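Source file: data-v4.cif. Holds: mmCIF, C-alpha atoms (C1' of nucleotides).
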data_my_file
#
loop_
_atom_site.label_atom_id
_atom_site.label_comp_id
_atom_site.auth_asym_id
_atom_site.auth_seq_id
_atom_site.Cartn_x
_atom_site.Cartn_y
_atom_site.Cartn_z
CA MET A 115 19.82 -15.99 -17.25
CA LYS A 116 19.09 -16.34 -20.98
CA ILE A 117 15.45 -16.07 -21.88
CA ASN A 118 13.61 -16.41 -25.13
CA PRO A 119 10.37 -14.49 -24.68
CA ALA A 120 8.66 -15.93 -27.75
CA ASN A 121 9.28 -19.54 -26.68
CA LEU A 122 8.37 -18.86 -23.09
CA LEU A 123 5.02 -17.43 -24.13
CA LYS A 124 4.29 -20.29 -26.47
CA GLU A 125 5.14 -22.87 -23.83
CA HIS A 126 2.60 -21.37 -21.49
CA ASP A 127 -0.17 -20.87 -24.07
CA LEU A 128 0.02 -17.11 -23.92
CA LYS A 129 -0.53 -14.88 -26.89
CA HIS A 130 2.52 -13.15 -28.22
CA THR A 131 2.06 -9.40 -27.77
CA LYS A 132 4.66 -6.68 -27.74
CA GLN A 133 3.80 -5.66 -24.18
CA ARG A 134 4.32 -9.18 -22.87
CA VAL A 135 7.63 -9.51 -24.65
CA ARG A 136 8.84 -6.19 -23.32
CA VAL A 137 8.01 -7.14 -19.74
CA LEU A 138 9.95 -10.37 -20.04
CA GLU A 139 12.92 -8.64 -21.63
CA GLU A 140 13.03 -5.97 -18.98
CA ILE A 141 12.89 -8.42 -16.08
CA ALA A 142 15.29 -10.94 -17.61
CA MET A 143 17.81 -8.19 -18.28
CA ASP A 144 18.35 -7.51 -14.58
CA ASN A 145 20.23 -9.77 -12.19
CA ALA A 146 18.02 -8.67 -9.29
CA ALA A 147 14.27 -8.68 -8.86
CA ILE A 148 12.50 -5.55 -10.06
CA SER A 149 9.75 -3.81 -8.17
CA GLN A 150 6.39 -3.08 -9.68
CA PRO A 151 6.86 0.71 -9.25
CA GLU A 152 10.26 0.49 -10.92
CA LEU A 153 8.78 -1.37 -13.88
CA GLU A 154 6.01 1.17 -14.10
CA LYS A 155 8.58 3.95 -14.27
CA ARG A 156 10.71 2.17 -16.88
CA PHE A 157 7.79 1.58 -19.21
CA GLY A 158 6.31 5.04 -18.82
CA ASN A 159 3.44 5.20 -21.24
CA GLU A 160 4.80 2.44 -23.39
CA ILE A 161 2.67 0.02 -21.41
CA ASP A 162 -0.45 0.96 -19.51
CA ARG A 163 -0.26 0.60 -15.75
CA VAL A 164 -3.23 -1.77 -15.61
CA THR A 165 -1.87 -3.92 -18.41
CA LEU A 166 1.39 -4.24 -16.53
CA TYR A 167 -0.45 -5.49 -13.44
CA ARG A 168 -2.33 -7.99 -15.54
CA ILE A 169 0.78 -9.27 -17.27
CA LEU A 170 2.66 -9.63 -14.01
CA ASN A 171 -0.24 -11.52 -12.46
CA ILE A 172 -0.62 -13.90 -15.34
CA TYR A 173 3.12 -14.55 -15.40
CA GLU A 174 3.06 -15.38 -11.74
CA GLU A 175 0.09 -17.71 -12.14
CA LYS A 176 1.77 -19.50 -15.01
CA GLY A 177 5.00 -19.88 -13.13
CA ILE A 178 7.06 -17.61 -15.36
CA LEU A 179 7.83 -15.03 -12.71
CA HIS A 180 7.88 -15.24 -8.98
CA ARG A 181 6.89 -12.46 -6.67
CA VAL A 182 8.89 -11.41 -3.63
CA LEU A 183 7.78 -8.75 -1.18
CA ASP A 184 10.25 -6.31 0.25
CA ARG A 185 10.10 -4.86 3.76
CA ASN A 186 7.48 -2.33 2.75
CA GLY A 187 5.25 -4.94 1.18
CA THR A 188 6.07 -3.79 -2.33
CA ALA A 189 5.93 -6.50 -4.97
CA ASN A 190 9.17 -7.42 -6.73
CA TYR A 191 9.44 -9.78 -9.66
CA ALA A 192 12.14 -12.13 -10.89
CA ILE A 193 12.31 -14.80 -13.55
CA CYS A 194 11.55 -18.28 -12.28
CA SER A 195 13.87 -21.16 -12.85
CA PRO A 196 12.82 -23.21 -15.89
CA SER A 197 11.48 -25.96 -13.61
CA CYS A 198 8.62 -23.78 -12.40
CA THR A 199 5.11 -24.56 -13.58
CA ALA A 200 1.68 -23.09 -12.92
CA GLU A 201 1.12 -25.97 -10.48
CA VAL A 202 4.33 -25.76 -8.51
CA HIS A 203 6.70 -22.88 -8.07
CA HIS A 204 10.22 -24.07 -7.45
CA ASP A 205 11.35 -20.73 -6.22
CA GLU A 206 12.11 -22.01 -2.78
CA HIS A 207 15.43 -20.34 -2.57
CA VAL A 208 16.45 -17.73 -0.04
CA HIS A 209 16.07 -14.11 -1.08
CA PHE A 210 18.35 -11.31 -0.06
CA ASN A 211 16.96 -7.82 0.38
CA CYS A 212 19.66 -5.16 0.56
CA THR A 213 18.82 -2.48 3.09
CA ILE A 214 20.93 0.07 1.23
CA CYS A 215 20.12 -0.26 -2.47
CA GLN A 216 16.82 -2.03 -1.71
CA LYS A 217 17.49 -4.63 -4.38
CA ILE A 218 16.27 -8.16 -3.96
CA TYR A 219 18.53 -10.98 -5.11
CA CYS A 220 17.64 -14.62 -5.56
CA LEU A 221 20.34 -16.58 -3.76
CA ASN A 222 21.33 -20.01 -4.89
CA ILE A 223 20.43 -21.44 -1.51
CA VAL A 224 17.53 -23.77 -0.84
CA VAL A 225 15.22 -22.71 1.98
CA PRO A 226 16.01 -24.94 4.96
CA SER A 227 13.08 -27.12 5.93
CA VAL A 228 11.45 -26.57 9.29
CA LYS A 229 9.45 -29.03 11.35
CA MET A 230 5.98 -27.62 11.86
CA PRO A 231 4.15 -27.97 15.18
CA GLU A 232 1.38 -30.56 15.51
CA GLY A 233 -1.62 -29.62 13.37
CA TYR A 234 0.06 -27.10 11.09
CA LEU A 235 0.41 -28.09 7.44
CA ALA A 236 2.95 -25.98 5.58
CA SER A 237 2.94 -26.09 1.80
CA THR A 238 5.66 -23.54 1.13
CA ILE A 239 8.22 -21.66 3.16
CA ASN A 240 9.47 -18.24 2.34
CA SER A 241 12.80 -17.01 3.55
CA THR A 242 14.31 -13.57 3.11
CA ALA A 243 17.54 -12.26 4.54
CA TYR A 244 18.03 -8.54 5.12
CA GLY A 245 21.39 -6.89 5.10
CA ILE A 246 24.07 -5.44 2.87
CA CYS A 247 24.61 -6.88 -0.58
CA LYS A 248 27.86 -7.54 -2.41
CA SER A 249 27.73 -4.33 -4.46
CA CYS A 250 26.97 -2.07 -1.51
CA ASN A 251 29.53 -3.81 0.70
CA LYS A 252 32.68 -2.20 -0.66
CA MET B 130 0.82 -13.69 26.67
CA LYS B 131 0.13 -11.50 29.72
CA ILE B 132 0.78 -7.84 29.14
CA ASN B 133 0.60 -4.84 31.38
CA PRO B 134 0.10 -1.86 29.08
CA ALA B 135 0.91 0.76 31.70
CA ASN B 136 4.24 -0.84 32.58
CA LEU B 137 5.15 -1.49 29.00
CA LEU B 138 4.63 2.16 28.11
CA LYS B 139 6.60 3.35 31.11
CA GLU B 140 9.49 1.02 30.30
CA HIS B 141 9.79 2.49 26.85
CA ASP B 142 9.42 6.14 27.85
CA LEU B 143 6.10 6.53 26.13
CA LYS B 144 3.30 8.68 27.45
CA HIS B 145 0.33 6.85 28.82
CA THR B 146 -2.67 7.68 26.65
CA LYS B 147 -5.93 5.80 26.29
CA GLN B 148 -5.35 5.16 22.58
CA ARG B 149 -1.97 3.58 23.22
CA VAL B 150 -3.34 1.39 25.96
CA ARG B 151 -6.25 0.27 23.80
CA VAL B 152 -3.94 -0.72 20.95
CA LEU B 153 -1.82 -2.84 23.26
CA GLU B 154 -4.86 -4.46 24.83
CA GLU B 155 -6.36 -5.32 21.50
CA ILE B 156 -3.19 -6.86 20.10
CA ALA B 157 -2.25 -8.73 23.29
CA MET B 158 -5.74 -10.19 23.48
CA ASP B 159 -5.31 -12.20 20.30
CA ASN B 160 -3.13 -15.27 19.92
CA ALA B 161 -2.41 -14.42 16.29
CA ALA B 162 -1.03 -11.30 14.67
CA ILE B 163 -3.62 -8.69 13.71
CA SER B 164 -3.62 -6.81 10.46
CA GLN B 165 -3.66 -3.06 10.25
CA PRO B 166 -7.02 -3.05 8.39
CA GLU B 167 -8.50 -5.34 11.03
CA LEU B 168 -7.34 -3.04 13.81
CA GLU B 169 -8.78 -0.09 11.96
CA LYS B 170 -12.13 -1.85 11.78
CA ARG B 171 -12.11 -2.85 15.43
CA PHE B 172 -11.40 0.65 16.64
CA GLY B 173 -13.84 2.34 14.29
CA ASN B 174 -13.82 5.99 15.27
CA GLU B 175 -12.53 5.27 18.74
CA ILE B 176 -9.03 5.88 17.41
CA ASP B 177 -8.23 7.95 14.37
CA ARG B 178 -6.73 6.08 11.42
CA VAL B 179 -3.63 8.25 11.33
CA THR B 180 -3.09 7.97 15.06
CA LEU B 181 -3.25 4.21 14.75
CA TYR B 182 -0.50 4.24 12.11
CA ARG B 183 1.62 6.42 14.35
CA ILE B 184 1.12 4.23 17.40
CA LEU B 185 1.93 1.07 15.47
CA ASN B 186 5.07 2.62 14.03
CA ILE B 187 6.32 3.85 17.36
CA TYR B 188 5.66 0.46 18.95
CA GLU B 189 7.63 -1.24 16.24
CA GLU B 190 10.53 1.19 16.60
CA LYS B 191 10.59 0.68 20.35
CA GLY B 192 10.51 -3.08 20.04
CA ILE B 193 7.07 -3.52 21.59
CA LEU B 194 5.41 -4.96 18.50
CA HIS B 195 6.83 -6.72 15.51
CA ARG B 196 5.47 -6.43 12.04
CA VAL B 197 4.88 -9.35 9.72
CA LEU B 198 3.72 -9.02 6.15
CA ASP B 199 1.20 -11.42 4.70
CA ARG B 200 1.15 -12.60 1.09
CA ASN B 201 -0.55 -9.41 -0.06
CA GLY B 202 1.99 -7.21 1.66
CA THR B 203 -0.47 -6.16 4.34
CA ALA B 204 1.10 -5.33 7.68
CA ASN B 205 0.24 -7.55 10.64
CA TYR B 206 1.27 -6.89 14.21
CA ALA B 207 2.04 -9.10 17.17
CA ILE B 208 3.46 -8.51 20.62
CA CYS B 209 7.21 -8.98 20.81
CA SER B 210 8.78 -11.27 23.31
CA PRO B 211 9.92 -9.35 26.40
CA SER B 212 13.54 -9.61 25.27
CA CYS B 213 12.97 -7.26 22.35
CA THR B 214 14.43 -3.79 22.49
CA ALA B 215 14.52 -0.82 20.16
CA GLU B 216 18.04 -1.88 19.21
CA VAL B 217 17.46 -5.53 18.54
CA HIS B 218 14.28 -7.34 17.69
CA HIS B 219 14.35 -10.92 18.92
CA ASP B 220 11.42 -11.91 16.80
CA GLU B 221 13.47 -14.31 14.77
CA HIS B 222 10.97 -17.07 14.98
CA VAL B 223 9.17 -18.65 12.06
CA HIS B 224 5.76 -17.23 11.19
CA PHE B 225 2.88 -19.25 9.89
CA ASN B 226 0.39 -17.65 7.51
CA CYS B 227 -2.80 -19.67 7.09
CA THR B 228 -4.04 -19.62 3.53
CA ILE B 229 -7.62 -20.23 4.67
CA CYS B 230 -8.27 -17.93 7.64
CA GLN B 231 -5.36 -15.65 6.68
CA LYS B 232 -4.19 -15.49 10.27
CA ILE B 233 -0.51 -15.17 11.06
CA TYR B 234 0.84 -17.12 14.00
CA CYS B 235 4.20 -16.74 15.69
CA LEU B 236 5.62 -20.24 15.97
CA ASN B 237 7.94 -21.16 18.75
CA ILE B 238 10.63 -22.12 16.27
CA VAL B 239 13.87 -20.25 15.75
CA VAL B 240 14.65 -19.28 12.16
CA PRO B 241 17.37 -21.67 10.94
CA SER B 242 20.57 -19.88 10.11
CA VAL B 243 21.75 -19.81 6.52
CA LYS B 244 25.26 -19.38 5.23
CA MET B 245 25.36 -16.30 3.02
CA PRO B 246 27.40 -16.20 -0.18
CA GLU B 247 30.71 -14.33 -0.23
CA GLY B 248 30.15 -10.59 0.15
CA TYR B 249 26.62 -10.65 1.49
CA LEU B 250 26.14 -9.53 5.08
CA ALA B 251 22.82 -10.59 6.53
CA SER B 252 21.63 -8.93 9.72
CA THR B 253 18.27 -10.64 10.06
CA ILE B 254 16.44 -13.46 8.39
CA ASN B 255 12.74 -13.64 7.98
CA SER B 256 10.94 -16.91 7.54
CA THR B 257 7.26 -17.46 6.88
CA ALA B 258 5.51 -20.73 6.20
CA TYR B 259 2.25 -20.79 4.24
CA GLY B 260 -0.34 -23.50 4.67
CA ILE B 261 -3.25 -24.62 6.79
CA CYS B 262 -3.30 -23.80 10.47
CA LYS B 263 -4.38 -25.96 13.38
CA SER B 264 -7.86 -24.43 13.63
CA CYS B 265 -8.65 -24.71 9.93
CA ASN B 266 -7.21 -28.23 9.71
CA LYS B 267 -10.15 -30.13 11.22
"C1'" DT C 279 -2.22 30.47 39.59
"C1'" DC C 280 -1.05 31.52 35.01
"C1'" DT C 281 1.84 30.65 31.20
"C1'" DT C 282 4.87 28.16 28.40
"C1'" DT C 283 6.52 24.06 26.24
"C1'" DG C 284 6.24 19.78 24.03
"C1'" DC C 285 4.13 15.64 22.83
"C1'" DA C 286 -0.12 13.25 21.11
"C1'" DT C 287 -4.16 13.48 18.66
"C1'" DG C 288 -7.49 14.65 14.96
"C1'" DT C 289 -8.58 16.54 10.47
"C1'" DT C 290 -7.88 17.17 5.78
"C1'" DA C 291 -5.76 16.30 1.76
"C1'" DC C 292 -2.67 13.86 -0.92
"C1'" DT C 293 0.19 9.90 -2.95
"C1'" DT C 294 0.85 5.28 -4.04
"C1'" DT C 295 -0.64 0.67 -4.97
"C1'" DG C 296 -3.84 -2.23 -6.80
"C1'" DT C 297 -8.70 -3.44 -8.90
"C1'" DT C 298 -12.99 -3.36 -11.91
"C1'" DG C 299 -15.84 -2.60 -16.03
"C1'" DC C 300 -16.11 -1.55 -20.61
"C1'" DA C 301 -14.98 -0.13 -25.29
"C1'" DA C 302 -11.36 -0.33 -28.74
"C1'" DT C 303 -7.69 -2.98 -30.65
"C1'" DA C 304 -4.49 -6.63 -31.89
"C1'" DC C 305 -3.60 -11.41 -32.54
"C1'" DA C 306 -3.96 -16.37 -34.32
"C1'" DG C 307 -6.26 -19.59 -37.19
"C1'" DT C 308 -8.78 -20.30 -41.07
"C1'" DA D 187 -7.93 -10.92 -45.67
"C1'" DC D 188 -11.62 -12.16 -42.43
"C1'" DT D 189 -13.33 -13.16 -37.97
"C1'" DG D 190 -13.84 -14.60 -33.13
"C1'" DT D 191 -11.53 -14.10 -28.99
"C1'" DA D 192 -8.00 -12.52 -26.03
"C1'" DT D 193 -5.58 -8.44 -24.80
"C1'" DT D 194 -5.03 -3.71 -24.17
"C1'" DG D 195 -6.08 1.08 -22.76
"C1'" DC D 196 -8.97 4.19 -20.42
"C1'" DA D 197 -11.60 5.99 -16.68
"C1'" DA D 198 -13.08 5.49 -12.37
"C1'" DC D 199 -12.65 3.57 -8.06
"C1'" DA D 200 -10.88 1.52 -3.56
"C1'" DA D 201 -7.54 0.76 -0.13
"C1'" DA D 202 -3.17 1.65 2.23
"C1'" DG D 203 -0.09 4.78 3.77
"C1'" DT D 204 1.93 9.66 4.39
"C1'" DA D 205 2.34 14.81 5.14
"C1'" DA D 206 1.01 19.21 6.89
"C1'" DC D 207 -1.26 21.75 10.11
"C1'" DA D 208 -4.29 22.94 14.00
"C1'" DT D 209 -6.00 21.69 18.39
"C1'" DG D 210 -5.77 19.59 23.02
"C1'" DC D 211 -3.69 18.34 27.16
"C1'" DA D 212 -0.50 17.64 30.82
"C1'" DA D 213 3.85 18.58 33.06
"C1'" DA D 214 7.30 22.18 34.22
"C1'" DG D 215 8.47 26.96 35.25
"C1'" DA D 216 7.60 31.79 36.57
#
The structure in this file should be written as structure tokens.
Amino acid sequence: MKINPANLLKEHDLKHTKQRVRVLEEIAMDNAAISQPELEKRFGNEIDRVTLYRILNIYEEKGILHRVLDRNGTANYAICSPSCTAEVHHDEHVHFNCTICQKIYCLNIVVPSVKMPEGYLASTINSTAYGICKSCNK
Amino acid sequence: MKINPANLLKEHDLKHTKQRVRVLEEIAMDNAAISQPELEKRFGNEIDRVTLYRILNIYEEKGILHRVLDRNGTANYAICSPSCTAEVHHDEHVHFNCTICQKIYCLNIVVPSVKMPEGYLASTINSTAYGICKSCNK
DNA sequence: TCTTTGCATGTTACTTTGTTGCAATACAGT
DNA sequence: ACTGTATTGCAACAAAGTAACATGCAAAGA
């Protein structure tokens, strides 16, 4: 996934700061989602913990990143597809959470639609598979 | 869902204590899943916070309760169907998380199966719909 | 009956995750 | 380069979850 941080920020009316660029670079670099704690570790004192939270939140709101929770409820972040906007996240693909390496992958599979019972109005469906990923399965 | 706490404990080789019975009663009473913080509030100092964590964990391990995370990553608990065991959780139904009242309902809908990509071995799939529930939709 | 054993609980303290308020700083437009 | 505003960093806090240890209690054995 090729990403141009400067453009991405401009498109979403966000100021260009070195912290914001670094966060995008770091997340775009990886093929799997990265957890908040992992990001915190990687940045050390390059970026303040609170700033990181704020950047991640604003990116999620704007539709730049999407947030996936792992089994423990820890937040993981991955780059959204270019079709995502602040209004609608098109991240309705299935996620895969490896129970060995703990990584979360975005699969290229659309979440199957489900018929809701009478009275329930679903706006989004979230689907995560747990198991052993390609790298760990060798 | 009718539950007999005493039997349930005996079936799973767990000692019968008043705290354990109370936890089961409280969770069985509700038609929706209950969050850990909510349980903590309800019990006040009737049950110690740490004891509550331990009871919830052991119930999950034994297949008595299943744990569902809400959007914030907060743990919610609901009674498992009687077919659940410590080995296999048969809680593979779709969950519904209301974005208004925050409640999590277990829907009587089986999670649709998804074909994994080459190399990925899924053992369970988790599916949660977000939207407006029957009670809030009036 | 008395003692031993083992599980369950309670208490305290700690770690991790996330939030809030405010002062200092960096950025974008002129 | 100047200036208003958004962003950052800092400190303090709050909530969620865990670890270590002591106490309590009930069943089994002497």
- Message: When you look at Ile239 of chain A with a cut-off of 10 Å (counting only C-alpha atoms (C1' of nucleotides)), what residues show up, excluding the ones that are within fewer than 2 positions of it in the same chain? I need them as a list in words.
- Response: Asp205, Glu206, His207, Val208, Val225, Pro226, Ser227, Val228, Ala236, Ser237 and Ser241 of chain A; Val223, His224, Phe225, Asn226, Ser256, Thr257, Ala258, Tyr259 and Gly260 of chain B
Selected residues written out with C-alpha atoms, as a compact mmCIF listing (two decimals), keeping the file's coordinate frame:
# COMPACT_ATOMS: atom_id res chain seq x y z
CA ASP A 205 11.35 -20.73 -6.22
CA GLU A 206 12.11 -22.01 -2.78
CA HIS A 207 15.43 -20.34 -2.57
CA VAL A 208 16.45 -17.73 -0.04
CA VAL A 225 15.22 -22.71 1.98
CA PRO A 226 16.01 -24.94 4.96
CA SER A 227 13.08 -27.12 5.93
CA VAL A 228 11.45 -26.57 9.29
CA ALA A 236 2.95 -25.98 5.58
CA SER A 237 2.94 -26.09 1.80
CA SER A 241 12.80 -17.01 3.55
CA VAL B 223 9.17 -18.65 12.06
CA HIS B 224 5.76 -17.23 11.19
CA PHE B 225 2.88 -19.25 9.89
CA ASN B 226 0.39 -17.65 7.51
CA SER B 256 10.94 -16.91 7.54
CA THR B 257 7.26 -17.46 6.88
CA ALA B 258 5.51 -20.73 6.20
CA TYR B 259 2.25 -20.79 4.24
CA GLY B 260 -0.34 -23.50 4.67
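The nearest approach to Gly192 of chain B among the residues B:Ala161, B:Leu138, B:Tyr249, B:Ile176, with all atoms listed in the file taken into account, belongs to B:Leu138.
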- Item | Interatomic distance (Å, one decimal) between atom CA of Leu181 of chain B and atom CA of Ser264 of chain B |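 Going from atom CA of Leu181 of chain B over to atom CA of Ser264 of chain B covers 29.0 Å.
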- Message: I'd like the residues picked by the PyMOL selection byres ((chain A) within 8 of (chain D)) written out as a list in words, using the chain letters and numbers from the file.
- Response: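 Checking the PyMOL selection byres ((chain A) within 8 of (chain D)) against this file, the residues are Lys129, Asp162 and Thr165 of chain A.
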Would you save the residues of that selection, restricted to C-alpha atoms, as an mmCIF file, keeping the file's coordinate frame?
data_model
loop_
_atom_site.group_PDB
_atom_site.id
_atom_site.type_symbol
_atom_site.label_atom_id
_atom_site.label_comp_id
_atom_site.auth_asym_id
_atom_site.auth_seq_id
_atom_site.Cartn_x
_atom_site.Cartn_y
_atom_site.Cartn_z
ATOM 1 C CA LYS A 129 -0.530 -14.880 -26.890
ATOM 2 C CA ASP A 162 -0.450 0.960 -19.510
ATOM 3 C CA THR A 165 -1.870 -3.920 -18.410
#
- Step by step, work through what the PyMOL selection byres ((chain A and resi 248) around 10) selects in the shown file, and finish by giving those residues as JSON, numbers by chain. {"A": [212, 245, 246, 247, 249, 250, 251, 252], "B": [246, 247, 248, 249, 250]}
- Two-atom distance - atom CA of Val152 of chain B, atom CA of Ile184 of chain B (Å): 7.9 Å
- Message: Counting only C-alpha atoms, which residue out of A:Arg136, A:Lys176, A:Lys124, A:Lys229 sits closest to chain B?
- Response: A:Lys229
- Task: Enter the distance from atom CA of Ser149 of chain A to atom CA of Ala189 of chain A, in Å, rounded to one decimal.
- Result: 5.7 Å
Within 9 Å of chain B, which residues of chain C show up? Give each one with its shortest atom-to-atom distance in Å (one decimal) and the two atoms involved, counting all atoms listed in the file, rows by chain then rising residue number, as JSON lines.
{"residue": "C:DC285", "atom": "C1'", "partner": "B:Lys144", "partner_atom": "CA", "distance": 8.4}
{"residue": "C:DA286", "atom": "C1'", "partner": "B:Thr146", "partner_atom": "CA", "distance": 8.3}
{"residue": "C:DT287", "atom": "C1'", "partner": "B:Thr180", "partner_atom": "CA", "distance": 6.7}
{"residue": "C:DG288", "atom": "C1'", "partner": "B:Asp177", "partner_atom": "CA", "distance": 6.8}
- Item | Which residue of A:Ala120, A:Ile214, A:Ile141, A:Leu221 approaches chain B most closely, using only C-alpha atoms |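 Closest residue, counting only C-alpha atoms: A:Leu221.
Listed by chain and then by number, the residues chosen by the PyMOL selection byres ((chain A and resi 184) around 9) in this file are Ser149, Val182, Leu183, Arg185, Asn186, Gly187, Thr188, Ala189, Asn190, Asn211, Gln216, Lys217, Ile218 and Thr242 of chain A; Gly202 of chain B.
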The selected residues should be written to file as a PDB file, in the coordinates of the input (atoms: C-alpha atoms).
ATOM      1  CA  SER A 149       9.750  -3.810  -8.170  1.00  0.00           C
ATOM      2  CA  VAL A 182       8.890 -11.410  -3.630  1.00  0.00           C
ATOM      3  CA  LEU A 183       7.780  -8.750  -1.180  1.00  0.00           C
ATOM      4  CA  ARG A 185      10.100  -4.860   3.760  1.00  0.00           C
ATOM      5  CA  ASN A 186       7.480  -2.330   2.750  1.00  0.00           C
ATOM      6  CA  GLY A 187       5.250  -4.940   1.180  1.00  0.00           C
ATOM      7  CA  THR A 188       6.070  -3.790  -2.330  1.00  0.00           C
ATOM      8  CA  ALA A 189       5.930  -6.500  -4.970  1.00  0.00           C
ATOM      9  CA  ASN A 190       9.170  -7.420  -6.730  1.00  0.00           C
ATOM     10  CA  ASN A 211      16.960  -7.820   0.380  1.00  0.00           C
ATOM     11  CA  GLN A 216      16.820  -2.030  -1.710  1.00  0.00           C
ATOM     12  CA  LYS A 217      17.490  -4.630  -4.380  1.00  0.00           C
ATOM     13  CA  ILE A 218      16.270  -8.160  -3.960  1.00  0.00           C
ATOM     14  CA  THR A 242      14.310 -13.570   3.110  1.00  0.00           C
TER      15      THR A 242
ATOM     16  CA  GLY B 202       1.990  -7.210   1.660  1.00  0.00           C
TER      17      GLY B 202
END
Please, what is the axis-aligned box for every listed atom of segment 193-196 of chain D with 4 Å on each side, as centre and edge lengths in Å to one decimal, as lines of an AutoDock Vina configuration file?
center_x = -7.0
center_y = -2.1
center_z = -22.6
size_x = 11.9
size_y = 20.6
size_z = 12.4
- A:Gly158, A:Ile193, A:Arg181, A:Asp127: which is nearest chain B, counting all atoms listed in the file? A:Arg181
- Item | Test item: residues at most 6 Å from Ala207 of chain B, all atoms listed in the file, excluding those fewer than 5 positions along its chain, as a list in words | Ala162, Leu194 and His195 of chain B
Coordinates of segment 224-240 of chain B, C-alpha atoms, as a compact mmCIF listing (two decimals), in the first residue's frame:
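Printed below is selection-v3.txt as written:
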# COMPACT_ATOMS: atom_id res chain seq x y z
CA HIS B 224 -23.83 -10.12 18.37
CA PHE B 225 -25.63 -6.83 18.18
CA ASN B 226 -24.16 -3.78 19.88
CA CYS B 227 -26.62 -0.91 20.20
CA THR B 228 -24.96 2.44 19.62
CA ILE B 229 -27.57 4.20 21.76
CA CYS B 230 -28.06 2.11 24.90
CA GLN B 231 -24.71 0.34 24.40
CA LYS B 232 -26.26 -3.01 25.20
CA ILE B 233 -24.98 -6.15 23.52
CA TYR B 234 -27.51 -8.75 22.46
CA CYS B 235 -26.85 -12.31 21.37
CA LEU B 236 -28.80 -12.78 18.16
CA ASN B 237 -30.13 -16.14 17.19
CA ILE B 238 -28.16 -16.05 13.96
CA VAL B 239 -25.22 -18.27 13.15
CA VAL B 240 -22.07 -16.47 11.99
